[in-house]
Amino acid sequence: MTDRQLVDLAFQMLKRSYVPYSHFPVGAALECADGTVFTGCNVENAAYGSTICAERTALVKAVSEGRRDNFVRLAVVGTGTDYCWPCGSCRQMLYEFAPDLEVLVARGDGDFVKLPLAKLLPYGFGPKDLSIHP
Ligand code: THU
């Protein structure tokens, strides 16, 4: 799958976003090494802090289906004029399972940039930093 195809899968998720509060839909697509893709969208809540981002939706879908340690690429897309940068919580959650992940960050016109998660979250804290590994 090309980078563009993964970004397009993330774009297709915008219509699934539940965003009555922010009106800011986000879509994501997380690819495993074997080509399996788990998609996600943001799902908001009247208790605002209970909202889950699109990237974490995709990640927890994957992990809950038994996939853990073989994620290679993630696409995240928004509808704005700026690139839809992953929030800190999503960077941290992704780092747990895929510190070597490549991240494709798109904006509403379809343009995207590609950069490693390690650049988005330098010196990240992960399982390696605990004496007890998962
Ligand atoms: N959002 C995401 O889905 N991913 C991010 O990384 C940044 C923020 C969502 C959460 C909320 O529904 C909306 O964007 C506005 O913050």
# chains A, B, ... in the order shown; residues from 1 in each chain; ligands from 1
$ closest_atom_pairs --of "chain A" --to "ligand 1" --cutoff "8 Å" --atoms "only C-alpha atoms and all ligand atoms" --output "Markdown table"
| residue | atom | partner | partner_atom_place_in_ligand_line | distance |
| --- | --- | --- | --- | --- |
| A:Tyr18 | CA | ligand 1 | 12 (O) | 7.6 |
| A:Val19 | CA | ligand 1 | 12 (O) | 5.9 |
| A:Tyr21 | CA | ligand 1 | 12 (O) | 7.7 |
| A:Ser22 | CA | ligand 1 | 15 (C) | 5.3 |
| A:His23 | CA | ligand 1 | 13 (C) | 7.4 |
| A:Phe24 | CA | ligand 1 | 13 (C) | 5.1 |
| A:Pro25 | CA | ligand 1 | 14 (O) | 6.3 |
| A:Val26 | CA | ligand 1 | 3 (O) | 4.8 |
| A:Gly27 | CA | ligand 1 | 3 (O) | 6.9 |
| A:Cys41 | CA | ligand 1 | 3 (O) | 6.5 |
| A:Asn42 | CA | ligand 1 | 3 (O) | 4.4 |
| A:Val43 | CA | ligand 1 | 12 (O) | 6.1 |
| A:Glu44 | CA | ligand 1 | 12 (O) | 5.2 |
| A:Thr51 | CA | ligand 1 | 12 (O) | 6.1 |
| A:Ile52 | CA | ligand 1 | 10 (C) | 6.3 |
| A:Cys53 | CA | ligand 1 | 3 (O) | 3.2 |
| A:Ala54 | CA | ligand 1 | 3 (O) | 4.1 |
| A:Glu55 | CA | ligand 1 | 4 (N) | 6.0 |
| A:Arg56 | CA | ligand 1 | 4 (N) | 7.8 |
| A:Val76 | CA | ligand 1 | 4 (N) | 7.7 |
| A:Cys84 | CA | ligand 1 | 7 (C) | 7.0 |
| A:Trp85 | CA | ligand 1 | 6 (O) | 5.9 |
| A:Pro86 | CA | ligand 1 | 6 (O) | 3.3 |
| A:Cys87 | CA | ligand 1 | 6 (O) | 3.9 |
| A:Gly88 | CA | ligand 1 | 6 (O) | 7.3 |
| A:Ser89 | CA | ligand 1 | 6 (O) | 7.6 |
| A:Cys90 | CA | ligand 1 | 6 (O) | 5.9 |
| A:Arg91 | CA | ligand 1 | 6 (O) | 7.9 |
$ write_last_selection --atoms "C-alpha atoms" --output "PDB file, in the first residue's frame"
ATOM      1  CA  TYR A  18     -18.632  11.943  16.179  1.00  0.00           C
ATOM      2  CA  VAL A  19     -17.818  15.592  16.778  1.00  0.00           C
ATOM      3  CA  TYR A  21     -18.740  19.688  20.302  1.00  0.00           C
ATOM      4  CA  SER A  22     -15.583  20.587  18.409  1.00  0.00           C
ATOM      5  CA  HIS A  23     -16.872  20.095  14.860  1.00  0.00           C
ATOM      6  CA  PHE A  24     -13.306  18.982  14.143  1.00  0.00           C
ATOM      7  CA  PRO A  25     -13.391  15.542  12.498  1.00  0.00           C
ATOM      8  CA  VAL A  26     -10.200  13.483  12.489  1.00  0.00           C
ATOM      9  CA  GLY A  27      -9.533  10.186  10.736  1.00  0.00           C
ATOM     10  CA  CYS A  41     -12.102   8.359  14.058  1.00  0.00           C
ATOM     11  CA  ASN A  42     -12.502  10.714  16.973  1.00  0.00           C
ATOM     12  CA  VAL A  43     -15.482  10.060  19.220  1.00  0.00           C
ATOM     13  CA  GLU A  44     -16.437  12.949  21.480  1.00  0.00           C
ATOM     14  CA  THR A  51     -13.311  12.068  24.165  1.00  0.00           C
ATOM     15  CA  ILE A  52     -11.038   9.664  22.328  1.00  0.00           C
ATOM     16  CA  CYS A  53      -8.881  10.761  19.396  1.00  0.00           C
ATOM     17  CA  ALA A  54      -8.893   9.068  16.010  1.00  0.00           C
ATOM     18  CA  GLU A  55      -5.374   7.665  16.402  1.00  0.00           C
ATOM     19  CA  ARG A  56      -6.115   6.089  19.755  1.00  0.00           C
ATOM     20  CA  VAL A  76      -3.852  10.962  10.573  1.00  0.00           C
ATOM     21  CA  CYS A  84      -3.471  17.538  11.726  1.00  0.00           C
ATOM     22  CA  TRP A  85      -0.674  16.897  14.184  1.00  0.00           C
ATOM     23  CA  PRO A  86      -1.226  14.072  16.679  1.00  0.00           C
ATOM     24  CA  CYS A  87      -1.803  15.246  20.232  1.00  0.00           C
ATOM     25  CA  GLY A  88       0.606  14.374  23.028  1.00  0.00           C
ATOM     26  CA  SER A  89      -1.559  11.592  24.421  1.00  0.00           C
ATOM     27  CA  CYS A  90      -1.713   9.881  21.040  1.00  0.00           C
ATOM     28  CA  ARG A  91       2.035  10.193  20.532  1.00  0.00           C
TER      29      ARG A  91
END
$ select_by_dssp --residues "region 2-113 of chain A" --states "strand (DSSP E)" --output "PyMOL selection string"
chain A and resi 27-32+37-41+71-77+102-106+112-113
$ atom_distance --atom1 "CA of Gln92 (chain A)" --atom2 "CA of Arg4 (chain A)"
24.6 Å
$ closest_atom_pairs --of "region 7-34 of chain A" --to "region 103-119 of chain A" --cutoff "12 Å" --atoms "only C-alpha atoms" --output "Markdown table"
| residue | atom | partner | partner_atom | distance |
| --- | --- | --- | --- | --- |
| A:Val7 | CA | A:Leu104 | CA | 7.1 |
| A:Asp8 | CA | A:Gly110 | CA | 8.3 |
| A:Leu9 | CA | A:Gly110 | CA | 11.7 |
| A:Ala10 | CA | A:Ala106 | CA | 9.3 |
| A:Phe11 | CA | A:Gly110 | CA | 8.5 |
| A:Gln12 | CA | A:Gly110 | CA | 11.8 |
| A:Leu14 | CA | A:Gly108 | CA | 10.5 |
| A:Phe24 | CA | A:Gly108 | CA | 11.2 |
| A:Pro25 | CA | A:Gly108 | CA | 10.4 |
| A:Val26 | CA | A:Gly108 | CA | 10.1 |
| A:Gly27 | CA | A:Ala106 | CA | 9.8 |
| A:Ala28 | CA | A:Val105 | CA | 9.5 |
| A:Ala29 | CA | A:Leu104 | CA | 9.5 |
| A:Leu30 | CA | A:Val103 | CA | 9.2 |
| A:Glu31 | CA | A:Val103 | CA | 10.4 |
$ write_last_selection --atoms "all heavy atoms" --output "tab-separated table (two decimals), in the first residue's frame"
chain	number	residue	atom	x	y	z
A	7	VAL	N	-3.29	7.27	3.57
A	7	VAL	CA	-3.89	8.58	3.88
A	7	VAL	C	-5.35	8.61	3.41
A	7	VAL	O	-6.24	9.10	4.12
A	7	VAL	CB	-3.07	9.72	3.24
A	7	VAL	CG1	-3.83	11.05	3.30
A	7	VAL	CG2	-1.71	9.84	3.92
A	8	ASP	N	-5.61	8.05	2.25
A	8	ASP	CA	-6.99	8.03	1.73
A	8	ASP	C	-7.91	7.21	2.64
A	8	ASP	O	-9.08	7.59	2.84
A	8	ASP	CB	-7.02	7.49	0.30
A	8	ASP	CG	-6.49	8.49	-0.71
A	8	ASP	OD1	-6.35	9.67	-0.35
A	8	ASP	OD2	-6.21	8.09	-1.85
A	9	LEU	N	-7.40	6.12	3.19
A	9	LEU	CA	-8.21	5.32	4.13
A	9	LEU	C	-8.55	6.16	5.36
A	9	LEU	O	-9.67	6.10	5.88
A	9	LEU	CB	-7.47	4.05	4.54
A	9	LEU	CG	-7.40	2.94	3.49
A	9	LEU	CD1	-6.57	1.77	4.01
A	9	LEU	CD2	-8.80	2.47	3.10
A	10	ALA	N	-7.58	6.94	5.82
A	10	ALA	CA	-7.84	7.82	6.97
A	10	ALA	C	-8.89	8.87	6.60
A	10	ALA	O	-9.78	9.18	7.40
A	10	ALA	CB	-6.55	8.47	7.43
A	11	PHE	N	-8.80	9.41	5.40
A	11	PHE	CA	-9.80	10.41	4.97
A	11	PHE	C	-11.21	9.83	4.96
A	11	PHE	O	-12.17	10.51	5.31
A	11	PHE	CB	-9.45	10.96	3.59
A	11	PHE	CG	-8.63	12.22	3.63
A	11	PHE	CD1	-7.31	12.22	3.25
A	11	PHE	CD2	-9.20	13.42	4.06
A	11	PHE	CE1	-6.54	13.38	3.29
A	11	PHE	CE2	-8.45	14.59	4.12
A	11	PHE	CZ	-7.11	14.57	3.74
A	12	GLN	N	-11.30	8.57	4.58
A	12	GLN	CA	-12.63	7.93	4.52
A	12	GLN	C	-13.27	7.84	5.91
A	12	GLN	O	-14.49	7.67	6.01
A	12	GLN	CB	-12.53	6.54	3.89
A	12	GLN	CG	-12.27	6.58	2.40
A	12	GLN	CD	-12.05	5.19	1.81
A	12	GLN	OE1	-12.52	4.19	2.34
A	12	GLN	NE2	-11.30	5.14	0.72
A	14	LEU	N	-13.31	10.20	8.14
A	14	LEU	CA	-13.82	11.49	8.62
A	14	LEU	C	-15.34	11.47	8.77
A	14	LEU	O	-15.90	12.08	9.69
A	14	LEU	CB	-13.41	12.62	7.66
A	14	LEU	CG	-11.91	12.94	7.63
A	14	LEU	CD1	-11.63	13.97	6.52
A	14	LEU	CD2	-11.43	13.47	8.98
A	24	PHE	N	-14.65	19.17	14.70
A	24	PHE	CA	-13.31	18.98	14.14
A	24	PHE	C	-13.08	17.48	13.91
A	24	PHE	O	-12.52	16.78	14.74
A	24	PHE	CB	-12.27	19.54	15.13
A	24	PHE	CG	-10.86	19.59	14.59
A	24	PHE	CD1	-10.44	20.67	13.82
A	24	PHE	CD2	-9.97	18.57	14.85
A	24	PHE	CE1	-9.14	20.73	13.33
A	24	PHE	CE2	-8.66	18.61	14.36
A	24	PHE	CZ	-8.25	19.70	13.60
A	25	PRO	N	-13.55	16.98	12.76
A	25	PRO	CA	-13.39	15.54	12.50
A	25	PRO	C	-11.93	15.17	12.22
A	25	PRO	O	-11.19	15.94	11.59
A	25	PRO	CB	-14.25	15.30	11.26
A	25	PRO	CG	-14.38	16.63	10.60
A	25	PRO	CD	-14.28	17.66	11.68
A	26	VAL	N	-11.55	14.02	12.72
A	26	VAL	CA	-10.20	13.48	12.49
A	26	VAL	C	-10.35	12.01	12.11
A	26	VAL	O	-11.18	11.30	12.69
A	26	VAL	CB	-9.31	13.61	13.75
A	26	VAL	CG1	-7.91	13.06	13.49
A	26	VAL	CG2	-9.23	15.07	14.20
A	27	GLY	N	-9.55	11.60	11.14
A	27	GLY	CA	-9.53	10.19	10.74
A	27	GLY	C	-8.13	9.63	10.85
A	27	GLY	O	-7.15	10.37	10.77
A	28	ALA	N	-8.03	8.32	11.06
A	28	ALA	CA	-6.72	7.68	11.20
A	28	ALA	C	-6.74	6.31	10.57
A	28	ALA	O	-7.80	5.67	10.47
A	28	ALA	CB	-6.34	7.58	12.68
A	29	ALA	N	-5.56	5.86	10.15
A	29	ALA	CA	-5.40	4.51	9.63
A	29	ALA	C	-4.03	4.00	10.07
A	29	ALA	O	-3.02	4.65	9.82
A	29	ALA	CB	-5.51	4.49	8.10
A	30	LEU	N	-4.04	2.87	10.76
A	30	LEU	CA	-2.83	2.30	11.35
A	30	LEU	C	-2.53	0.98	10.64
A	30	LEU	O	-3.37	0.08	10.61
A	30	LEU	CB	-3.07	2.05	12.84
A	30	LEU	CG	-1.94	1.46	13.67
A	30	LEU	CD1	-0.75	2.41	13.73
A	30	LEU	CD2	-2.44	1.14	15.09
A	31	GLU	N	-1.33	0.89	10.09
A	31	GLU	CA	-0.96	-0.27	9.28
A	31	GLU	C	0.01	-1.19	10.03
A	31	GLU	O	1.00	-0.73	10.61
A	31	GLU	CB	-0.31	0.19	7.98
A	31	GLU	CG	0.04	-0.95	7.06
A	31	GLU	CD	0.96	-0.51	5.95
A	31	GLU	OE1	1.99	0.14	6.24
A	31	GLU	OE2	0.67	-0.81	4.79
